[in-house]
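Colleague: Let me begin by handing over the structure; questions about it come next.
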Amino acid sequence: MYTQLQLRGSSRPPVTLATLDKMRAEGEAIAALTCYDASFAVLLDEADVDLVLVGDSLGMVIQGHDTTVPVTMDHMVYHTRAVARGLYRPFLVADLPFMSYSSPEQALANSVRLMQEGGARMVKLESGSEQLRIVEFLAGHDIAVCAHLGLKPQSVHKTGGFRVQGRQKDAAERIQREALDLESAGADILLLECIPNELGKAVTDAVSVPVIGIGAGPGASGQIQVLYDILDITSGRKPKFVRNFMQGCDSPLAAVKAYVGAVKSREYPGPEHCFS
Ligand code: KIV
């Protein structure tokens with residue numbers, strides 16, 4: 001059976017989980033970016049981005065908050081729906097925002113909203129051992145899940161800020177253990193944020209699902225960045241892992257293409273973007 005999109009006859013078939021698995025297995029780096037609206041979605045599609053995340057980072061880059069905590073399910077559904085309208089090829093993932101997955105039933109109901117109302121193909125949740133039963137429950141209902149480990153922005157008020165995670169031996173071991181447990185619970189993709197290179201590589205080597213990194217070194221199966229960071233729209237101090245791709249480019253489309261090229265050739269991230 002063909003999907004409506006395939007029936008439109010594009011020579012670039014939509015990216016599926018199977019495509020991402022194949023890319024991982026064959027060593028082709030996955031190029032991912034966040035996106036929050038239809039106009040940028042069209043541009044990311046044209047630039048051949050593989051995976052697009054409607055991240056709850058929209059609370060900071062779109063809404064002007066200091067953290068992602070104020071973002072609600074209604075905000076996520078609104079932006080996911082807008083992005084879905086602009087996308088054809090990339091795999092669309094949407095974040096479950098703060099406190100929208102505190103029980104398996106709540107996580108399921110909100111994932112269904114992101115998929116049915118928003119058009120997402122996968123949901124992402126900030127995960128650790130406490131979320132294992134939630135990931136298992138969603139996977140048991142055939143919902144594709146991305147588990148986000150390392151720096152978890154929804155927990156900043158508890159953890160005390162946006163800091164590199166997993167530098168101490170016990171913290172690194174916990175992240176590695178959680179990654180394996182989340183994979184066993186049914187997570188289809190892992191996202192690692194702000195951890196040392198070696199830990200990013202160790203987790204990637206230990207699991208059999210694609211691992212997308214942001215500030216997790218070059219050893220991951222793919223890279224993701226906040227779109228406004230790589231286009232140099234974000235003001236103020238930027239995280240170490242950010243590279244301004246507008247430099248040397250005359251348009252946002254050229255910059256996103258440069259990002260995709262640099263991820264695919266593994267020229268990005270360089271040593272200056274990594275943590276030890
Ligand atoms: O919300 C977001 O944009 C994210 C990225 C940091 C990957 O989770």
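Identifiers for the structure tokens are assigned positionally: chains receive A, B, ... in sequence, residues are indexed from 1 per chain, and ligands are indexed from 1 in the order shown.
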Do you know which residues are at most 8 Å from Gln225 of chain A counting only C-alpha atoms, after dropping those on the same chain fewer than 6 positions away, and could you put them as a short mmCIF file (atom, residue, chain, number, x, y, z; two decimals) with all heavy atoms, in the first residue's frame?

Modeller:
data_model
loop_
_atom_site.label_atom_id
_atom_site.label_comp_id
_atom_site.auth_asym_id
_atom_site.auth_seq_id
_atom_site.Cartn_x
_atom_site.Cartn_y
_atom_site.Cartn_z
N ALA A 32 19.82 16.08 11.60
CA ALA A 32 18.53 16.46 12.20
C ALA A 32 18.59 17.92 12.67
O ALA A 32 19.65 18.43 13.02
CB ALA A 32 18.24 15.54 13.38
N LEU A 33 17.43 18.56 12.66
CA LEU A 33 17.32 19.94 13.15
C LEU A 33 15.97 20.13 13.82
O LEU A 33 15.01 19.42 13.50
CB LEU A 33 17.40 20.94 11.97
CG LEU A 33 18.80 21.31 11.47
CD1 LEU A 33 18.68 22.16 10.21
CD2 LEU A 33 19.61 22.06 12.53
N THR A 34 15.89 21.11 14.70
CA THR A 34 14.58 21.47 15.24
C THR A 34 13.89 22.41 14.26
O THR A 34 14.52 23.03 13.40
CB THR A 34 14.69 22.20 16.60
OG1 THR A 34 15.29 23.47 16.41
CG2 THR A 34 15.48 21.38 17.62
N ILE A 214 23.51 15.94 20.54
CA ILE A 214 23.64 17.41 20.53
C ILE A 214 24.65 17.72 21.64
O ILE A 214 24.36 17.53 22.81
CB ILE A 214 22.28 18.13 20.69
CG1 ILE A 214 22.48 19.66 20.82
CG2 ILE A 214 21.44 17.59 21.85
CD1 ILE A 214 21.20 20.47 20.61
N VAL A 242 27.59 24.77 19.41
CA VAL A 242 26.93 25.46 18.29
C VAL A 242 27.96 26.01 17.31
O VAL A 242 28.97 26.60 17.71
CB VAL A 242 26.06 26.62 18.83
CG1 VAL A 242 25.53 27.48 17.67
CG2 VAL A 242 24.90 26.08 19.66
#

Colleague: Mind running chain A against ligand 1 at 10 Å and telling me each contacting residue's nearest atom pair with the distance in Å (one decimal), counting only C-alpha atoms and all ligand atoms, chain and number ascending, as JSON lines?

Modeller:
{"residue": "A:Ala32", "atom": "CA", "partner": "ligand 1", "partner_atom_place_in_ligand_line": "7 (C)", "distance": 8.9}
{"residue": "A:Leu33", "atom": "CA", "partner": "ligand 1", "partner_atom_place_in_ligand_line": "7 (C)", "distance": 7.8}
{"residue": "A:Thr34", "atom": "CA", "partner": "ligand 1", "partner_atom_place_in_ligand_line": "3 (O)", "distance": 5.6}
{"residue": "A:Cys35", "atom": "CA", "partner": "ligand 1", "partner_atom_place_in_ligand_line": "3 (O)", "distance": 8.2}
{"residue": "A:Tyr36", "atom": "CA", "partner": "ligand 1", "partner_atom_place_in_ligand_line": "3 (O)", "distance": 9.5}
{"residue": "A:Val52", "atom": "CA", "partner": "ligand 1", "partner_atom_place_in_ligand_line": "7 (C)", "distance": 9.8}
{"residue": "A:Leu53", "atom": "CA", "partner": "ligand 1", "partner_atom_place_in_ligand_line": "3 (O)", "distance": 6.9}
{"residue": "A:Val54", "atom": "CA", "partner": "ligand 1", "partner_atom_place_in_ligand_line": "3 (O)", "distance": 6.8}
{"residue": "A:Gly55", "atom": "CA", "partner": "ligand 1", "partner_atom_place_in_ligand_line": "1 (O)", "distance": 3.3}
{"residue": "A:Asp56", "atom": "CA", "partner": "ligand 1", "partner_atom_place_in_ligand_line": "1 (O)", "distance": 4.0}
{"residue": "A:Ser57", "atom": "CA", "partner": "ligand 1", "partner_atom_place_in_ligand_line": "1 (O)", "distance": 3.8}
{"residue": "A:Leu58", "atom": "CA", "partner": "ligand 1", "partner_atom_place_in_ligand_line": "1 (O)", "distance": 6.8}
{"residue": "A:Gly59", "atom": "CA", "partner": "ligand 1", "partner_atom_place_in_ligand_line": "1 (O)", "distance": 8.5}
{"residue": "A:Met60", "atom": "CA", "partner": "ligand 1", "partner_atom_place_in_ligand_line": "1 (O)", "distance": 9.1}
{"residue": "A:Val61", "atom": "CA", "partner": "ligand 1", "partner_atom_place_in_ligand_line": "3 (O)", "distance": 9.1}
{"residue": "A:Thr68", "atom": "CA", "partner": "ligand 1", "partner_atom_place_in_ligand_line": "1 (O)", "distance": 7.6}
{"residue": "A:Ala94", "atom": "CA", "partner": "ligand 1", "partner_atom_place_in_ligand_line": "1 (O)", "distance": 8.7}
{"residue": "A:Asp95", "atom": "CA", "partner": "ligand 1", "partner_atom_place_in_ligand_line": "1 (O)", "distance": 6.7}
{"residue": "A:Leu96", "atom": "CA", "partner": "ligand 1", "partner_atom_place_in_ligand_line": "1 (O)", "distance": 9.4}
{"residue": "A:Pro97", "atom": "CA", "partner": "ligand 1", "partner_atom_place_in_ligand_line": "1 (O)", "distance": 8.8}
{"residue": "A:Lys124", "atom": "CA", "partner": "ligand 1", "partner_atom_place_in_ligand_line": "8 (O)", "distance": 8.0}
{"residue": "A:Leu125", "atom": "CA", "partner": "ligand 1", "partner_atom_place_in_ligand_line": "8 (O)", "distance": 8.6}
{"residue": "A:Glu126", "atom": "CA", "partner": "ligand 1", "partner_atom_place_in_ligand_line": "8 (O)", "distance": 8.2}
{"residue": "A:His148", "atom": "CA", "partner": "ligand 1", "partner_atom_place_in_ligand_line": "8 (O)", "distance": 7.3}
{"residue": "A:Leu149", "atom": "CA", "partner": "ligand 1", "partner_atom_place_in_ligand_line": "8 (O)", "distance": 9.7}
{"residue": "A:Leu151", "atom": "CA", "partner": "ligand 1", "partner_atom_place_in_ligand_line": "6 (C)", "distance": 8.8}
{"residue": "A:Lys152", "atom": "CA", "partner": "ligand 1", "partner_atom_place_in_ligand_line": "8 (O)", "distance": 8.1}
{"residue": "A:Pro153", "atom": "CA", "partner": "ligand 1", "partner_atom_place_in_ligand_line": "8 (O)", "distance": 7.7}
{"residue": "A:Gln154", "atom": "CA", "partner": "ligand 1", "partner_atom_place_in_ligand_line": "1 (O)", "distance": 9.2}
{"residue": "A:Leu191", "atom": "CA", "partner": "ligand 1", "partner_atom_place_in_ligand_line": "7 (C)", "distance": 7.3}
{"residue": "A:Leu192", "atom": "CA", "partner": "ligand 1", "partner_atom_place_in_ligand_line": "7 (C)", "distance": 8.3}
{"residue": "A:Glu193", "atom": "CA", "partner": "ligand 1", "partner_atom_place_in_ligand_line": "6 (C)", "distance": 6.7}
{"residue": "A:Cys194", "atom": "CA", "partner": "ligand 1", "partner_atom_place_in_ligand_line": "6 (C)", "distance": 9.1}
{"residue": "A:Ile212", "atom": "CA", "partner": "ligand 1", "partner_atom_place_in_ligand_line": "7 (C)", "distance": 8.6}
{"residue": "A:Gly213", "atom": "CA", "partner": "ligand 1", "partner_atom_place_in_ligand_line": "7 (C)", "distance": 7.9}
{"residue": "A:Ile214", "atom": "CA", "partner": "ligand 1", "partner_atom_place_in_ligand_line": "7 (C)", "distance": 6.4}
{"residue": "A:Gly215", "atom": "CA", "partner": "ligand 1", "partner_atom_place_in_ligand_line": "6 (C)", "distance": 9.3}
{"residue": "A:Gln223", "atom": "CA", "partner": "ligand 1", "partner_atom_place_in_ligand_line": "7 (C)", "distance": 9.1}
{"residue": "A:Ile224", "atom": "CA", "partner": "ligand 1", "partner_atom_place_in_ligand_line": "7 (C)", "distance": 6.0}
{"residue": "A:Gln225", "atom": "CA", "partner": "ligand 1", "partner_atom_place_in_ligand_line": "7 (C)", "distance": 6.2}
{"residue": "A:Val226", "atom": "CA", "partner": "ligand 1", "partner_atom_place_in_ligand_line": "3 (O)", "distance": 5.6}
{"residue": "A:Leu227", "atom": "CA", "partner": "ligand 1", "partner_atom_place_in_ligand_line": "3 (O)", "distance": 8.5}

Colleague: Measuring between only C-alpha atoms, which one of A:Ile143, A:Leu132, A:Ala258, A:Ala18 shows the shortest distance to Phe91 of chain A?

Modeller: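 Residue with the minimum atom-to-atom distance to Phe91 of chain A: A:Ala18.
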
Colleague: I'd like the neighbourhood of Arg85 of chain A as an mmCIF file with N, CA and C atoms, in the first residue's frame, where a residue qualifies if any of its atoms comes within 9 Å (using only C-alpha atoms), though same-chain residues fewer than 3 positions away should be ignored.

Modeller:
data_model
loop_
_atom_site.group_PDB
_atom_site.id
_atom_site.type_symbol
_atom_site.label_atom_id
_atom_site.label_comp_id
_atom_site.auth_asym_id
_atom_site.auth_seq_id
_atom_site.Cartn_x
_atom_site.Cartn_y
_atom_site.Cartn_z
ATOM 1 N N ASP A 37 7.861 25.954 12.546
ATOM 2 C CA ASP A 37 6.820 26.531 11.677
ATOM 3 C C ASP A 37 6.915 25.961 10.268
ATOM 4 N N ALA A 38 5.871 26.237 9.466
ATOM 5 C CA ALA A 38 5.761 25.629 8.137
ATOM 6 C C ALA A 38 6.805 26.181 7.159
ATOM 7 N N ALA A 41 9.972 24.572 7.758
ATOM 8 C CA ALA A 41 9.830 23.135 7.454
ATOM 9 C C ALA A 41 10.068 22.885 5.964
ATOM 10 N N VAL A 42 9.498 23.749 5.113
ATOM 11 C CA VAL A 42 9.694 23.608 3.662
ATOM 12 C C VAL A 42 11.187 23.720 3.334
ATOM 13 N N THR A 80 3.573 21.571 15.992
ATOM 14 C CA THR A 80 3.801 20.318 15.252
ATOM 15 C C THR A 80 2.925 20.295 13.997
ATOM 16 N N ARG A 81 1.690 20.740 14.164
ATOM 17 C CA ARG A 81 0.771 20.755 13.008
ATOM 18 C C ARG A 81 1.302 21.703 11.924
ATOM 19 N N ALA A 82 1.813 22.842 12.335
ATOM 20 C CA ALA A 82 2.351 23.814 11.365
ATOM 21 C C ALA A 82 3.544 23.215 10.624
ATOM 22 N N TYR A 88 7.720 17.027 3.646
ATOM 23 C CA TYR A 88 7.405 15.869 2.825
ATOM 24 C C TYR A 88 8.336 14.699 3.188
ATOM 25 N N GLY A 119 0.401 15.417 13.614
ATOM 26 C CA GLY A 119 1.013 14.775 12.445
ATOM 27 C C GLY A 119 2.412 14.224 12.713
#

Colleague: Based on the backbone DSSP call, show me all residues of segment 172-248 of chain A assigned strand (DSSP E or B), as number ranges by chain.

Modeller: A: 189-193, 211-214, 222-225

Colleague: Just write the chosen residues, all heavy atoms, as a short mmCIF file (atom, residue, chain, number, x, y, z; two decimals), in the first residue's frame.

Modeller:
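Saved as part_5.cif:
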data_model
loop_
_atom_site.label_atom_id
_atom_site.label_comp_id
_atom_site.auth_asym_id
_atom_site.auth_seq_id
_atom_site.Cartn_x
_atom_site.Cartn_y
_atom_site.Cartn_z
N ILE A 189 14.85 5.38 19.15
CA ILE A 189 15.97 6.30 18.94
C ILE A 189 16.37 6.83 20.31
O ILE A 189 15.50 7.03 21.18
CB ILE A 189 15.56 7.49 18.03
CG1 ILE A 189 15.26 7.04 16.59
CG2 ILE A 189 16.63 8.58 18.01
CD1 ILE A 189 14.92 8.17 15.63
N LEU A 190 17.65 7.07 20.52
CA LEU A 190 18.11 7.77 21.72
C LEU A 190 18.65 9.13 21.31
O LEU A 190 19.26 9.26 20.23
CB LEU A 190 19.21 6.98 22.43
CG LEU A 190 18.89 5.55 22.88
CD1 LEU A 190 20.10 4.95 23.59
CD2 LEU A 190 17.67 5.52 23.80
N LEU A 191 18.39 10.13 22.13
CA LEU A 191 18.98 11.45 21.90
C LEU A 191 19.83 11.78 23.12
O LEU A 191 19.36 11.70 24.25
CB LEU A 191 17.88 12.51 21.69
CG LEU A 191 18.39 13.89 21.26
CD1 LEU A 191 17.39 14.57 20.33
CD2 LEU A 191 18.67 14.80 22.45
N LEU A 192 21.10 12.09 22.87
CA LEU A 192 22.04 12.39 23.96
C LEU A 192 22.42 13.85 23.92
O LEU A 192 22.90 14.34 22.89
CB LEU A 192 23.32 11.56 23.79
CG LEU A 192 23.18 10.04 23.80
CD1 LEU A 192 24.55 9.40 23.55
CD2 LEU A 192 22.61 9.57 25.14
N GLU A 193 22.20 14.55 25.03
CA GLU A 193 22.51 15.99 25.05
C GLU A 193 23.62 16.30 26.05
O GLU A 193 23.54 15.89 27.23
CB GLU A 193 21.24 16.78 25.39
CG GLU A 193 21.50 18.28 25.47
CD GLU A 193 20.27 19.15 25.45
OE1 GLU A 193 19.14 18.63 25.39
OE2 GLU A 193 20.44 20.39 25.49
N VAL A 211 21.46 6.77 17.47
CA VAL A 211 21.70 7.71 18.57
C VAL A 211 21.99 9.07 17.96
O VAL A 211 22.93 9.22 17.17
CB VAL A 211 22.89 7.25 19.45
CG1 VAL A 211 23.19 8.29 20.51
CG2 VAL A 211 22.60 5.90 20.08
N ILE A 212 21.17 10.04 18.30
CA ILE A 212 21.35 11.40 17.76
C ILE A 212 21.95 12.25 18.88
O ILE A 212 21.42 12.26 20.00
CB ILE A 212 20.00 12.02 17.34
CG1 ILE A 212 19.14 11.04 16.54
CG2 ILE A 212 20.20 13.34 16.59
CD1 ILE A 212 19.36 10.98 15.09
N GLY A 213 23.01 12.96 18.58
CA GLY A 213 23.68 13.74 19.61
C GLY A 213 23.53 15.24 19.42
O GLY A 213 23.43 15.73 18.29
N ILE A 214 23.51 15.94 20.54
CA ILE A 214 23.64 17.41 20.53
C ILE A 214 24.65 17.72 21.64
O ILE A 214 24.36 17.53 22.81
CB ILE A 214 22.28 18.13 20.69
CG1 ILE A 214 22.48 19.66 20.82
CG2 ILE A 214 21.44 17.59 21.85
CD1 ILE A 214 21.20 20.47 20.61
N GLY A 222 24.09 10.36 14.50
CA GLY A 222 23.63 11.57 13.83
C GLY A 222 23.75 12.75 14.75
O GLY A 222 24.11 12.61 15.93
N GLN A 223 23.46 13.92 14.21
CA GLN A 223 23.56 15.16 14.99
C GLN A 223 22.25 15.93 14.87
O GLN A 223 21.62 15.93 13.81
CB GLN A 223 24.69 16.05 14.45
CG GLN A 223 26.06 15.39 14.44
CD GLN A 223 26.60 15.12 15.84
OE1 GLN A 223 26.31 15.86 16.78
NE2 GLN A 223 27.39 14.06 15.98
N ILE A 224 21.90 16.62 15.97
CA ILE A 224 20.76 17.54 15.92
C ILE A 224 21.21 18.87 16.51
O ILE A 224 22.07 18.89 17.40
CB ILE A 224 19.53 16.97 16.66
CG1 ILE A 224 18.31 17.88 16.43
CG2 ILE A 224 19.77 16.76 18.15
CD1 ILE A 224 16.97 17.22 16.73
N GLN A 225 20.65 19.94 16.01
CA GLN A 225 20.90 21.27 16.54
C GLN A 225 19.60 22.06 16.56
O GLN A 225 18.66 21.73 15.83
CB GLN A 225 21.91 22.02 15.65
CG GLN A 225 23.34 21.52 15.77
CD GLN A 225 23.98 21.92 17.08
OE1 GLN A 225 24.16 23.09 17.37
NE2 GLN A 225 24.32 20.94 17.90
#

Colleague: Rank A:Thr19, A:Ser100, A:Thr72, A:Ser184 by their smallest atom-to-atom distance to Ser129 of chain A, using only C-alpha atoms, and report the top residue only.

Modeller: A:Ser184

Colleague: Which polymer residues have any atom within 12 Å of an atom of Gln131 of chain A, counting only C-alpha atoms, with same-chain residues fewer than 2 positions away left out, as a ChimeraX atom specification?

Modeller: /A:99,101-104,107,124-129,133-138,145-149,178-179,181-183,185-187

Colleague: So which residues of segment 81-145 of chain A fall under helix (DSSP H, G or I) by DSSP, listed as a ChimeraX atom specification?

Modeller: /A:81-86,104-116,129-140

Colleague: Using only C-alpha atoms, find the one residue out of A:Pro90, A:Gly270, A:Gly118, A:Gly166 that sits nearest to Lys240 of chain A.

Modeller: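 Once distances to Lys240 of chain A are computed over only C-alpha atoms, the minimum belongs to A:Gly270.
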
Colleague: Measuring between only C-alpha atoms, which one of A:Glu198, A:Phe40, A:Leu87, A:Asp66 shows the shortest distance to Pro14 of chain A?

Modeller: A:Leu87

Colleague: Restricting the calculation to only C-alpha atoms: of A:Leu231, A:Gly140, A:Thr67, A:Phe98, which residue gets closest to Asp250 of chain A?

Modeller: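 Looking at the shortest contact to Asp250 of chain A, the residue is A:Leu231.
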
Colleague: Can you tell me which residues surround Ala47 of chain A at a distance of at most 9 Å, considering only C-alpha atoms, apart from same-chain residues fewer than 4 positions away, and format the answer as a ChimeraX atom specification?

Modeller: /A:42-43,253-254,256-258,260

Colleague: I want to know what sits within 6 Å of Ala255 of chain A, based on only C-alpha atoms, with residues of the same chain fewer than 3 positions away left out; could you give that as a PyMOL selection string?

Modeller: chain A and resi 245-246+249+252+258

Colleague: Just give me the gap between atom CA of Val69 of chain A and atom CA of Arg163 of chain A in Å, one decimal is fine.

Modeller: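 Atom-to-atom, atom CA of Val69 of chain A to atom CA of Arg163 of chain A, that is 16.5 Å.
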
Colleague: Grab the atom CA of Val15 of chain A to atom CA of Arg113 of chain A distance for me, in Å with one decimal place.

Modeller: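 Here the two named atoms are 21.4 Å from each other.
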
Colleague: Tell me, as a list in words, which residues lie within 6 Å of segment 200-206 of chain A, counting only C-alpha atoms; anything in the same chain fewer than 5 positions away does not count.

Modeller: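 Residues near the query, excluding close chain neighbours: Gln176, Val211, Ala216, Gly219 and Ala220 of chain A.
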
Colleague: Convert the current residue selection to file output with N, CA and C atoms, as a PDB file, in the first residue's frame.

Modeller:
ATOM      1  N   GLN A 176      24.830   5.220  30.751  1.00  0.00           N
ATOM      2  CA  GLN A 176      25.009   4.036  29.892  1.00  0.00           C
ATOM      3  C   GLN A 176      23.976   2.960  30.218  1.00  0.00           C
ATOM      4  N   VAL A 211      21.461   6.768  17.468  1.00  0.00           N
ATOM      5  CA  VAL A 211      21.697   7.707  18.573  1.00  0.00           C
ATOM      6  C   VAL A 211      21.993   9.073  17.956  1.00  0.00           C
ATOM      7  N   ALA A 216      27.267  15.829  22.019  1.00  0.00           N
ATOM      8  CA  ALA A 216      27.629  14.489  22.510  1.00  0.00           C
ATOM      9  C   ALA A 216      28.759  13.892  21.682  1.00  0.00           C
ATOM     10  N   GLY A 219      30.855  10.723  17.684  1.00  0.00           N
ATOM     11  CA  GLY A 219      30.663   9.267  17.621  1.00  0.00           C
ATOM     12  C   GLY A 219      29.217   8.832  17.500  1.00  0.00           C
ATOM     13  N   ALA A 220      28.268   9.754  17.611  1.00  0.00           N
ATOM     14  CA  ALA A 220      26.846   9.385  17.536  1.00  0.00           C
ATOM     15  C   ALA A 220      26.452   9.048  16.098  1.00  0.00           C
TER      16      ALA A 220
END

Colleague: Closest to His75 of chain A among A:Glu28, A:Glu117, A:Asp170, A:Asp232, using only C-alpha atoms?

Modeller: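 Distance minimum relative to His75 of chain A lands on A:Glu117.
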
Colleague: Separation of atom CA of Gln165 of chain A and atom CA of Asn110 of chain A, in Å?

Modeller: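 Between these atoms lies a distance of 28.1 Å.
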